file my_file-v9.cif (mmCIF, C-alpha atoms)
data_my_file
loop_
_atom_site.group_PDB
_atom_site.id
_atom_site.type_symbol
_atom_site.label_atom_id
_atom_site.label_comp_id
_atom_site.auth_asym_id
_atom_site.auth_seq_id
_atom_site.Cartn_x
_atom_site.Cartn_y
_atom_site.Cartn_z
ATOM 1 C CA MET A 1 2.746 -19.887 -13.842
ATOM 2 C CA ALA A 2 1.936 -18.377 -10.460
ATOM 3 C CA ASP A 3 2.694 -14.750 -9.639
ATOM 4 C CA SER A 4 5.897 -13.817 -7.840
ATOM 5 C CA LYS A 5 5.632 -13.193 -4.112
ATOM 6 C CA ARG A 6 5.955 -9.418 -4.595
ATOM 7 C CA LEU A 7 3.168 -9.286 -7.173
ATOM 8 C CA THR A 8 1.029 -11.559 -4.989
ATOM 9 C CA VAL A 9 1.525 -9.157 -2.056
ATOM 10 C CA LEU A 10 0.631 -6.132 -4.205
ATOM 11 C CA LYS A 11 -2.487 -7.817 -5.588
ATOM 12 C CA LYS A 12 -3.657 -8.911 -2.154
ATOM 13 C CA LEU A 13 -3.034 -5.442 -0.715
ATOM 14 C CA CYS A 14 -5.117 -3.845 -3.495
ATOM 15 C CA VAL A 15 -7.944 -6.352 -3.075
ATOM 16 C CA PHE A 16 -7.911 -5.768 0.686
ATOM 17 C CA LEU A 17 -8.140 -1.960 0.374
ATOM 18 C CA ALA A 18 -10.862 -2.148 -2.290
ATOM 19 C CA ALA A 19 -12.973 -4.480 -0.131
ATOM 20 C CA GLU A 20 -12.252 -2.883 3.262
ATOM 21 C CA VAL A 21 -12.618 0.815 2.516
ATOM 22 C CA THR A 22 -16.346 1.217 1.980
ATOM 23 C CA VAL A 23 -18.979 3.438 3.509
ATOM 24 C CA ALA A 24 -20.780 0.241 4.583
ATOM 25 C CA ASN A 25 -17.686 -0.695 6.657
ATOM 26 C CA GLY A 26 -17.707 2.668 8.459
ATOM 27 C CA TYR A 27 -15.335 4.641 6.240
ATOM 28 C CA LYS A 28 -16.048 8.002 4.590
ATOM 29 C CA HIS A 29 -15.159 6.665 1.123
ATOM 30 C CA THR A 30 -15.738 3.592 -0.993
ATOM 31 C CA LEU A 31 -12.741 2.275 -2.947
ATOM 32 C CA THR A 32 -14.449 -0.666 -4.644
ATOM 33 C CA ASP A 33 -13.015 -0.847 -8.195
ATOM 34 C CA ALA A 34 -10.771 2.156 -7.436
ATOM 35 C CA VAL A 35 -7.465 0.670 -6.182
ATOM 36 C CA PHE A 36 -4.707 0.148 -8.744
ATOM 37 C CA ARG A 37 -1.100 -1.059 -8.907
ATOM 38 C CA GLY A 38 1.813 0.613 -10.631
ATOM 39 C CA ARG A 39 0.079 3.846 -11.611
ATOM 40 C CA MET A 40 1.833 7.104 -10.882
ATOM 41 C CA PHE A 41 -0.895 9.526 -11.963
ATOM 42 C CA SER A 42 -4.655 9.724 -12.275
ATOM 43 C CA THR A 43 -6.543 10.810 -15.383
ATOM 44 C CA ASN A 44 -9.883 12.506 -15.923
ATOM 45 C CA ASN A 45 -11.354 9.087 -16.784
ATOM 46 C CA ASP A 46 -10.413 7.540 -13.431
ATOM 47 C CA PRO A 47 -12.905 7.086 -10.603
ATOM 48 C CA LEU A 48 -12.789 9.381 -7.597
ATOM 49 C CA PRO A 49 -11.754 8.644 -4.977
ATOM 50 C CA MET A 50 -8.909 6.485 -6.247
ATOM 51 C CA VAL A 51 -5.795 4.896 -4.717
ATOM 52 C CA THR A 52 -2.657 3.560 -6.376
ATOM 53 C CA ILE A 53 0.247 1.550 -5.004
ATOM 54 C CA LEU A 54 3.707 1.437 -6.542
ATOM 55 C CA GLU A 55 7.269 0.972 -5.386
ATOM 56 C CA ASN A 56 9.041 3.937 -3.905
ATOM 57 C CA ILE A 57 12.102 5.101 -5.798
ATOM 58 C CA ASP A 58 15.141 4.543 -3.591
ATOM 59 C CA PRO A 59 18.282 5.504 -5.525
ATOM 60 C CA ASP A 60 20.509 5.492 -2.426
ATOM 61 C CA ARG A 61 19.861 1.868 -1.546
ATOM 62 C CA TYR A 62 22.968 -0.302 -1.490
ATOM 63 C CA PRO A 63 22.464 -3.237 -3.886
ATOM 64 C CA ARG A 64 21.998 -6.605 -2.228
ATOM 65 C CA PRO A 65 22.964 -9.958 -3.706
ATOM 66 C CA ALA A 66 20.094 -11.357 -5.781
ATOM 67 C CA GLY A 67 20.756 -15.014 -5.103
ATOM 68 C CA GLY A 68 22.780 -17.271 -2.912
ATOM 69 C CA GLU A 69 25.186 -20.107 -3.040
ATOM 70 C CA HIS A 70 23.151 -22.079 -0.535
ATOM 71 C CA GLU A 71 19.872 -23.780 -1.182
ATOM 72 C CA HIS A 72 17.929 -22.121 1.657
ATOM 73 C CA VAL A 73 18.991 -18.479 1.445
ATOM 74 C CA THR A 74 16.298 -15.911 2.234
ATOM 75 C CA THR A 75 16.284 -12.143 2.362
ATOM 76 C CA ASN A 76 14.527 -10.126 5.027
ATOM 77 C CA GLU A 77 14.136 -6.591 3.814
ATOM 78 C CA ASP A 78 12.049 -3.468 4.031
ATOM 79 C CA TRP A 79 10.037 -3.094 0.838
ATOM 80 C CA VAL A 80 8.988 0.535 0.543
ATOM 81 C CA LEU A 81 5.753 1.196 -1.301
ATOM 82 C CA LEU A 82 4.214 4.521 -2.204
ATOM 83 C CA VAL A 83 0.473 4.707 -1.595
ATOM 84 C CA GLN A 84 -1.218 7.615 -3.358
ATOM 85 C CA GLY A 85 -4.819 8.712 -3.423
ATOM 86 C CA TRP A 86 -6.890 11.280 -5.306
ATOM 87 C CA ALA A 87 -10.132 12.739 -4.012
ATOM 88 C CA VAL A 88 -12.976 14.928 -5.178
ATOM 89 C CA ASP A 89 -11.912 18.533 -4.696
ATOM 90 C CA ASP A 90 -13.235 20.900 -2.085
ATOM 91 C CA LYS A 91 -12.800 24.270 -3.832
ATOM 92 C CA GLU A 92 -12.668 26.259 -0.579
ATOM 93 C CA ASN A 93 -10.317 23.929 1.320
ATOM 94 C CA PRO A 94 -8.642 21.795 -1.374
ATOM 95 C CA CYS A 95 -6.721 19.380 0.878
ATOM 96 C CA ASP A 96 -9.609 18.451 3.174
ATOM 97 C CA THR A 97 -10.865 15.590 1.016
ATOM 98 C CA ALA A 98 -7.333 14.248 0.511
ATOM 99 C CA TYR A 99 -6.815 14.182 4.304
ATOM 100 C CA GLU A 100 -10.063 12.275 4.760
ATOM 101 C CA LEU A 101 -9.179 9.731 2.073
ATOM 102 C CA MET A 102 -5.709 9.286 3.587
ATOM 103 C CA ALA A 103 -7.298 8.722 7.011
ATOM 104 C CA ASP A 104 -9.504 5.973 5.571
ATOM 105 C CA VAL A 105 -6.522 4.258 3.920
ATOM 106 C CA ARG A 106 -4.406 4.509 7.094
ATOM 107 C CA LYS A 107 -7.256 3.070 9.184
ATOM 108 C CA ALA A 108 -7.611 0.142 6.786
ATOM 109 C CA LEU A 109 -3.856 -0.519 6.643
ATOM 110 C CA ALA A 110 -3.697 -0.511 10.453
ATOM 111 C CA LYS A 111 -6.053 -3.496 10.430
ATOM 112 C CA LEU A 112 -3.323 -5.537 8.757
ATOM 113 C CA LYS A 113 -1.427 -5.385 12.061
ATOM 114 C CA GLN A 114 -4.331 -6.273 14.362
ATOM 115 C CA ARG A 115 -3.817 -9.628 15.970
ATOM 116 C CA PRO A 116 -6.630 -11.590 17.554
ATOM 117 C CA HIS A 117 -7.207 -10.556 21.183
ATOM 118 C CA PRO A 118 -4.570 -12.364 23.321
ATOM 119 C CA VAL A 119 -6.914 -13.150 26.229
ATOM 120 C CA THR A 120 -10.234 -13.903 24.586
ATOM 121 C CA GLY A 121 -8.715 -15.059 21.331
ATOM 122 C CA GLY A 122 -11.162 -12.749 19.620
ATOM 123 C CA PRO A 123 -12.184 -13.271 16.047
ATOM 124 C CA GLU A 124 -9.589 -14.478 13.596
ATOM 125 C CA ASN A 125 -8.160 -11.731 11.437
ATOM 126 C CA PRO A 126 -7.565 -13.360 8.047
ATOM 127 C CA ASN A 127 -5.980 -10.105 6.874
ATOM 128 C CA TYR A 128 -3.357 -10.070 9.644
ATOM 129 C CA LEU A 129 -0.044 -9.410 7.850
ATOM 130 C CA LEU A 130 -1.837 -10.082 4.559
ATOM 131 C CA GLY A 131 -2.518 -13.650 5.596
ATOM 132 C CA GLY A 132 1.138 -14.199 6.529
ATOM 133 C CA LEU A 133 2.630 -12.953 3.256
ATOM 134 C CA ILE A 134 4.502 -10.169 5.071
ATOM 135 C CA ALA A 135 6.400 -10.193 8.365
ATOM 136 C CA GLY A 136 5.502 -6.653 9.442
ATOM 137 C CA MET A 137 4.396 -3.226 8.310
ATOM 138 C CA THR A 138 4.953 0.412 9.180
ATOM 139 C CA MET A 139 3.627 3.564 7.569
ATOM 140 C CA GLU A 140 4.548 7.203 7.661
ATOM 141 C CA PRO A 141 2.022 9.954 8.478
ATOM 142 C CA GLY A 142 1.587 10.962 4.833
ATOM 143 C CA ILE A 143 1.187 14.275 3.045
ATOM 144 C CA ALA A 144 -1.913 15.865 1.492
ATOM 145 C CA ARG A 145 -1.563 18.350 -1.369
ATOM 146 C CA PRO A 146 -3.963 20.582 -3.271
ATOM 147 C CA PRO A 147 -4.237 20.327 -7.046
ATOM 148 C CA ILE A 148 -0.909 21.299 -8.621
ATOM 149 C CA GLU A 149 -1.010 22.193 -12.302
ATOM 150 C CA GLN A 150 2.117 20.212 -13.284
ATOM 151 C CA VAL A 151 1.234 17.167 -11.164
ATOM 152 C CA SER A 152 -2.500 16.669 -10.666
ATOM 153 C CA SER A 153 -5.744 18.480 -11.329
ATOM 154 C CA LYS A 154 -7.190 16.899 -8.171
ATOM 155 C CA ALA A 155 -6.306 17.051 -4.474
ATOM 156 C CA PHE A 156 -4.137 14.075 -3.534
ATOM 157 C CA PHE A 157 -2.141 12.405 -0.776
ATOM 158 C CA TRP A 158 0.851 10.143 -0.680
ATOM 159 C CA MET A 159 2.570 8.167 2.026
ATOM 160 C CA ARG A 160 5.192 5.494 2.218
ATOM 161 C CA VAL A 161 4.217 2.111 3.564
ATOM 162 C CA VAL A 162 7.051 -0.222 4.497
ATOM 163 C CA LEU A 163 6.391 -3.943 4.299
ATOM 164 C CA LYS A 164 8.788 -6.373 5.949
ATOM 165 C CA LEU A 165 9.264 -8.956 3.229
ATOM 166 C CA VAL A 166 10.983 -12.300 3.670
ATOM 167 C CA GLU A 167 11.611 -14.070 0.412
ATOM 168 C CA ASP A 168 13.853 -16.613 -1.223
ATOM 169 C CA PRO A 169 15.780 -14.865 -4.036
ATOM 170 C CA ASN A 170 16.423 -18.258 -5.597
ATOM 171 C CA ASP A 171 12.656 -18.811 -5.849
ATOM 172 C CA PRO A 172 10.805 -15.465 -5.974
ATOM 173 C CA TYR A 173 7.542 -17.344 -6.610
ATOM 174 C CA LYS A 174 7.631 -19.123 -3.261
ATOM 175 C CA LEU A 175 4.985 -17.608 -0.979
ATOM 176 C CA ASN A 176 6.137 -18.921 2.402
#
call {"tool": "encode", "arguments": {"input": "my_file-v9.cif", "output": "structure tokens"}}
result
Amino acid sequence: MADSKRLTVLKKLCVFLAAEVTVANGYKHTLTDAVFRGRMFSTNNDPLPMVTILENIDPDRYPRPAGGEHEHVTTNEDWVLLVQGWAVDDKENPCDTAYELMADVRKALAKLKQRPHPVTGGPENPNYLLGGLIAGMTMEPGIARPPIEQVSSKAFFWMRVVLKLVEDPNDPYKLN
């Protein structure tokens, strides 16, 4: 069976970041084989730098109906994801490397919103809105933190990324 739309979006987002964020593409970091889904923490065995994507906890959200009485019901909602990254420490200025990694991730995510040039047509952007899987995206500035004994032994950042997701709750596997 095919993946649900949400899992498809997460997988495509991870593949995009892992392929886009490389030194060869003009970034300061390379995330090839270092972008993961659903992981809250990093371990000493994980690569550095590393990025994870998981859903943001939102306990104050009012529950929405999961299905509909009509055949063609869709939901149009903000799906809040938490993007986290861990970087190699700078002992003198611990957050510096986390800021740089966050800048690379923000730069890459911004490309998901770049349309082809309206006048010249410009090159196609196959990654625009993740190939049409999402209807929009916003991101917050993010926060960089030094290593914190109870949380992480490495400098890290986190930021919320909000994807506008249109889906059919009666068929969560439908991609369009």
call {"tool": "closest_residue", "arguments": {"input": "my_file-v9.cif", "among": "A:Leu130, A:Asn45, A:Ala110, A:Pro141", "to": "Lys5 (chain A)", "atoms": "all atoms listed in the file"}}
result
A:Leu130
call {"tool": "residues_near_point", "arguments": {"input": "my_file-v9.cif", "point": "(11.0, -14.1, -2.4)", "cutoff": "12 Å", "atoms": "all atoms listed in the file", "output": "MDAnalysis selection string"}}
result
chainID A and resid 3:9 66:67 72:77 79 133:134 164:176
call {"tool": "write_last_selection", "arguments": {"input": "my_file-v9.cif", "atoms": "C-alpha atoms", "output": "short mmCIF file (atom, residue, chain, number, x, y, z; two decimals), in the frame of the given file"}}
result
data_model
loop_
_atom_site.label_atom_id
_atom_site.label_comp_id
_atom_site.auth_asym_id
_atom_site.auth_seq_id
_atom_site.Cartn_x
_atom_site.Cartn_y
_atom_site.Cartn_z
CA ASP A 3 2.69 -14.75 -9.64
CA SER A 4 5.90 -13.82 -7.84
CA LYS A 5 5.63 -13.19 -4.11
CA ARG A 6 5.96 -9.42 -4.60
CA LEU A 7 3.17 -9.29 -7.17
CA THR A 8 1.03 -11.56 -4.99
CA VAL A 9 1.52 -9.16 -2.06
CA ALA A 66 20.09 -11.36 -5.78
CA GLY A 67 20.76 -15.01 -5.10
CA HIS A 72 17.93 -22.12 1.66
CA VAL A 73 18.99 -18.48 1.44
CA THR A 74 16.30 -15.91 2.23
CA THR A 75 16.28 -12.14 2.36
CA ASN A 76 14.53 -10.13 5.03
CA GLU A 77 14.14 -6.59 3.81
CA TRP A 79 10.04 -3.09 0.84
CA LEU A 133 2.63 -12.95 3.26
CA ILE A 134 4.50 -10.17 5.07
CA LYS A 164 8.79 -6.37 5.95
CA LEU A 165 9.26 -8.96 3.23
CA VAL A 166 10.98 -12.30 3.67
CA GLU A 167 11.61 -14.07 0.41
CA ASP A 168 13.85 -16.61 -1.22
CA PRO A 169 15.78 -14.86 -4.04
CA ASN A 170 16.42 -18.26 -5.60
CA ASP A 171 12.66 -18.81 -5.85
CA PRO A 172 10.80 -15.46 -5.97
CA TYR A 173 7.54 -17.34 -6.61
CA LYS A 174 7.63 -19.12 -3.26
CA LEU A 175 4.99 -17.61 -0.98
CA ASN A 176 6.14 -18.92 2.40
#
call {"tool": "resolve_selection", "arguments": {"input": "my_file-v9.cif", "expression": "the PyMOL selection byres ((chain A and resi 147) around 10)", "output": "PyMOL selection string"}}
result
chain A and resi 86+89+91+94-95+144-146+148-156
call {"tool": "write_last_selection", "arguments": {"input": "my_file-v9.cif", "atoms": "C-alpha atoms", "output": "PDB file, keeping the file's coordinate frame"}}
result
ATOM      1  CA  TRP A  86      -6.890  11.280  -5.306  1.00  0.00           C
ATOM      2  CA  ASP A  89     -11.912  18.533  -4.696  1.00  0.00           C
ATOM      3  CA  LYS A  91     -12.800  24.270  -3.832  1.00  0.00           C
ATOM      4  CA  PRO A  94      -8.642  21.795  -1.374  1.00  0.00           C
ATOM      5  CA  CYS A  95      -6.721  19.380   0.878  1.00  0.00           C
ATOM      6  CA  ALA A 144      -1.913  15.865   1.492  1.00  0.00           C
ATOM      7  CA  ARG A 145      -1.563  18.350  -1.369  1.00  0.00           C
ATOM      8  CA  PRO A 146      -3.963  20.582  -3.271  1.00  0.00           C
ATOM      9  CA  ILE A 148      -0.909  21.299  -8.621  1.00  0.00           C
ATOM     10  CA  GLU A 149      -1.010  22.193 -12.302  1.00  0.00           C
ATOM     11  CA  GLN A 150       2.117  20.212 -13.284  1.00  0.00           C
ATOM     12  CA  VAL A 151       1.234  17.167 -11.164  1.00  0.00           C
ATOM     13  CA  SER A 152      -2.500  16.669 -10.666  1.00  0.00           C
ATOM     14  CA  SER A 153      -5.744  18.480 -11.329  1.00  0.00           C
ATOM     15  CA  LYS A 154      -7.190  16.899  -8.171  1.00  0.00           C
ATOM     16  CA  ALA A 155      -6.306  17.051  -4.474  1.00  0.00           C
ATOM     17  CA  PHE A 156      -4.137  14.075  -3.534  1.00  0.00           C
TER      18      PHE A 156
END
call {"tool": "residues_around", "arguments": {"input": "my_file-v9.cif", "residues": "Pro47 (chain A)", "least_positions_apart": "6", "cutoff": "12 Å", "atoms": "only C-alpha atoms", "output": "ChimeraX atom specification"}}
result
/A:29-36,85-88,154
call {"tool": "resolve_selection", "arguments": {"input": "my_file-v9.cif", "expression": "the PyMOL selection byres ((chain A and resi 140) around 12)", "output": "tab-separated table (two decimals) with C-alpha atoms, in the frame of the given file"}}
result
chain	number	residue	atom	x	y	z
A	80	VAL	CA	8.99	0.54	0.54
A	81	LEU	CA	5.75	1.20	-1.30
A	82	LEU	CA	4.21	4.52	-2.20
A	83	VAL	CA	0.47	4.71	-1.60
A	102	MET	CA	-5.71	9.29	3.59
A	103	ALA	CA	-7.30	8.72	7.01
A	106	ARG	CA	-4.41	4.51	7.09
A	109	LEU	CA	-3.86	-0.52	6.64
A	110	ALA	CA	-3.70	-0.51	10.45
A	137	MET	CA	4.40	-3.23	8.31
A	138	THR	CA	4.95	0.41	9.18
A	139	MET	CA	3.63	3.56	7.57
A	141	PRO	CA	2.02	9.95	8.48
A	142	GLY	CA	1.59	10.96	4.83
A	143	ILE	CA	1.19	14.28	3.04
A	157	PHE	CA	-2.14	12.40	-0.78
A	158	TRP	CA	0.85	10.14	-0.68
A	159	MET	CA	2.57	8.17	2.03
A	160	ARG	CA	5.19	5.49	2.22
A	161	VAL	CA	4.22	2.11	3.56
A	162	VAL	CA	7.05	-0.22	4.50
A	163	LEU	CA	6.39	-3.94	4.30
call {"tool": "closest_residue", "arguments": {"input": "my_file-v9.cif", "among": "A:Ala18, A:Lys12, A:Val23, A:Leu101", "to": "Gly131 (chain A)", "atoms": "all atoms listed in the file"}}
result
A:Lys12
call {"tool": "build_atoms", "arguments": {"input": "my_file-v9.cif", "residues": "region 153-173 of chain A", "atoms": "N, CA, C and O atoms", "output": "PDB file, in the frame of the given file"}}
result
ATOM      1  N   SER A 153      -4.646  17.520 -11.323  1.00  0.00           N
ATOM      2  CA  SER A 153      -5.744  18.480 -11.329  1.00  0.00           C
ATOM      3  C   SER A 153      -6.691  18.241 -10.154  1.00  0.00           C
ATOM      4  O   SER A 153      -7.693  18.928 -10.010  1.00  0.00           O
ATOM      5  N   LYS A 154      -6.366  17.253  -9.323  1.00  0.00           N
ATOM      6  CA  LYS A 154      -7.190  16.899  -8.171  1.00  0.00           C
ATOM      7  C   LYS A 154      -6.346  16.930  -6.901  1.00  0.00           C
ATOM      8  O   LYS A 154      -5.140  16.707  -6.937  1.00  0.00           O
ATOM      9  N   ALA A 155      -7.000  17.150  -5.761  1.00  0.00           N
ATOM     10  CA  ALA A 155      -6.306  17.051  -4.474  1.00  0.00           C
ATOM     11  C   ALA A 155      -5.831  15.611  -4.303  1.00  0.00           C
ATOM     12  O   ALA A 155      -6.491  14.670  -4.757  1.00  0.00           O
ATOM     13  N   PHE A 156      -4.680  15.422  -3.662  1.00  0.00           N
ATOM     14  CA  PHE A 156      -4.137  14.075  -3.534  1.00  0.00           C
ATOM     15  C   PHE A 156      -3.329  13.935  -2.243  1.00  0.00           C
ATOM     16  O   PHE A 156      -2.998  14.918  -1.587  1.00  0.00           O
ATOM     17  N   PHE A 157      -3.042  12.692  -1.888  1.00  0.00           N
ATOM     18  CA  PHE A 157      -2.141  12.405  -0.776  1.00  0.00           C
ATOM     19  C   PHE A 157      -1.148  11.359  -1.232  1.00  0.00           C
ATOM     20  O   PHE A 157      -1.360  10.658  -2.217  1.00  0.00           O
ATOM     21  N   TRP A 158      -0.061  11.267  -0.501  1.00  0.00           N
ATOM     22  CA  TRP A 158       0.851  10.143  -0.680  1.00  0.00           C
ATOM     23  C   TRP A 158       1.497   9.848   0.656  1.00  0.00           C
ATOM     24  O   TRP A 158       1.627  10.718   1.525  1.00  0.00           O
ATOM     25  N   MET A 159       1.849   8.606   0.825  1.00  0.00           N
ATOM     26  CA  MET A 159       2.570   8.167   2.026  1.00  0.00           C
ATOM     27  C   MET A 159       3.331   6.901   1.691  1.00  0.00           C
ATOM     28  O   MET A 159       2.944   6.142   0.802  1.00  0.00           O
ATOM     29  N   ARG A 160       4.430   6.724   2.393  1.00  0.00           N
ATOM     30  CA  ARG A 160       5.192   5.494   2.218  1.00  0.00           C
ATOM     31  C   ARG A 160       4.705   4.467   3.225  1.00  0.00           C
ATOM     32  O   ARG A 160       4.469   4.780   4.391  1.00  0.00           O
ATOM     33  N   VAL A 161       4.573   3.258   2.736  1.00  0.00           N
ATOM     34  CA  VAL A 161       4.217   2.111   3.564  1.00  0.00           C
ATOM     35  C   VAL A 161       5.355   1.121   3.400  1.00  0.00           C
ATOM     36  O   VAL A 161       5.745   0.791   2.284  1.00  0.00           O
ATOM     37  N   VAL A 162       5.906   0.679   4.531  1.00  0.00           N
ATOM     38  CA  VAL A 162       7.051  -0.222   4.497  1.00  0.00           C
ATOM     39  C   VAL A 162       6.591  -1.613   4.920  1.00  0.00           C
ATOM     40  O   VAL A 162       6.102  -1.803   6.040  1.00  0.00           O
ATOM     41  N   LEU A 163       6.725  -2.553   3.996  1.00  0.00           N
ATOM     42  CA  LEU A 163       6.391  -3.943   4.299  1.00  0.00           C
ATOM     43  C   LEU A 163       7.672  -4.704   4.588  1.00  0.00           C
ATOM     44  O   LEU A 163       8.659  -4.569   3.866  1.00  0.00           O
ATOM     45  N   LYS A 164       7.672  -5.483   5.648  1.00  0.00           N
ATOM     46  CA  LYS A 164       8.788  -6.373   5.949  1.00  0.00           C
ATOM     47  C   LYS A 164       8.550  -7.629   5.125  1.00  0.00           C
ATOM     48  O   LYS A 164       7.563  -8.328   5.306  1.00  0.00           O
ATOM     49  N   LEU A 165       9.453  -7.868   4.176  1.00  0.00           N
ATOM     50  CA  LEU A 165       9.264  -8.956   3.229  1.00  0.00           C
ATOM     51  C   LEU A 165      10.396  -9.968   3.374  1.00  0.00           C
ATOM     52  O   LEU A 165      11.562  -9.614   3.283  1.00  0.00           O
ATOM     53  N   VAL A 166      10.021 -11.200   3.617  1.00  0.00           N
ATOM     54  CA  VAL A 166      10.983 -12.300   3.670  1.00  0.00           C
ATOM     55  C   VAL A 166      10.741 -13.136   2.419  1.00  0.00           C
ATOM     56  O   VAL A 166       9.619 -13.580   2.183  1.00  0.00           O
ATOM     57  N   GLU A 167      11.783 -13.275   1.623  1.00  0.00           N
ATOM     58  CA  GLU A 167      11.611 -14.070   0.412  1.00  0.00           C
ATOM     59  C   GLU A 167      12.895 -14.809   0.066  1.00  0.00           C
ATOM     60  O   GLU A 167      13.977 -14.463   0.527  1.00  0.00           O
ATOM     61  N   ASP A 168      12.734 -15.812  -0.747  1.00  0.00           N
ATOM     62  CA  ASP A 168      13.853 -16.613  -1.223  1.00  0.00           C
ATOM     63  C   ASP A 168      14.241 -16.087  -2.603  1.00  0.00           C
ATOM     64  O   ASP A 168      13.481 -16.247  -3.565  1.00  0.00           O
ATOM     65  N   PRO A 169      15.405 -15.406  -2.729  1.00  0.00           N
ATOM     66  CA  PRO A 169      15.780 -14.865  -4.036  1.00  0.00           C
ATOM     67  C   PRO A 169      16.023 -15.933  -5.079  1.00  0.00           C
ATOM     68  O   PRO A 169      15.977 -15.667  -6.276  1.00  0.00           O
ATOM     69  N   ASN A 170      16.245 -17.162  -4.647  1.00  0.00           N
ATOM     70  CA  ASN A 170      16.423 -18.258  -5.597  1.00  0.00           C
ATOM     71  C   ASN A 170      15.087 -18.775  -6.114  1.00  0.00           C
ATOM     72  O   ASN A 170      15.050 -19.491  -7.112  1.00  0.00           O
ATOM     73  N   ASP A 171      13.991 -18.422  -5.416  1.00  0.00           N
ATOM     74  CA  ASP A 171      12.656 -18.811  -5.849  1.00  0.00           C
ATOM     75  C   ASP A 171      11.685 -17.685  -5.488  1.00  0.00           C
ATOM     76  O   ASP A 171      10.953 -17.774  -4.500  1.00  0.00           O
ATOM     77  N   PRO A 172      11.657 -16.609  -6.287  1.00  0.00           N
ATOM     78  CA  PRO A 172      10.805 -15.465  -5.974  1.00  0.00           C
ATOM     79  C   PRO A 172       9.300 -15.750  -6.102  1.00  0.00           C
ATOM     80  O   PRO A 172       8.487 -14.892  -5.800  1.00  0.00           O
ATOM     81  N   TYR A 173       8.950 -16.956  -6.509  1.00  0.00           N
ATOM     82  CA  TYR A 173       7.542 -17.344  -6.610  1.00  0.00           C
ATOM     83  C   TYR A 173       7.050 -18.082  -5.363  1.00  0.00           C
ATOM     84  O   TYR A 173       5.870 -18.335  -5.208  1.00  0.00           O
TER      85      TYR A 173
END
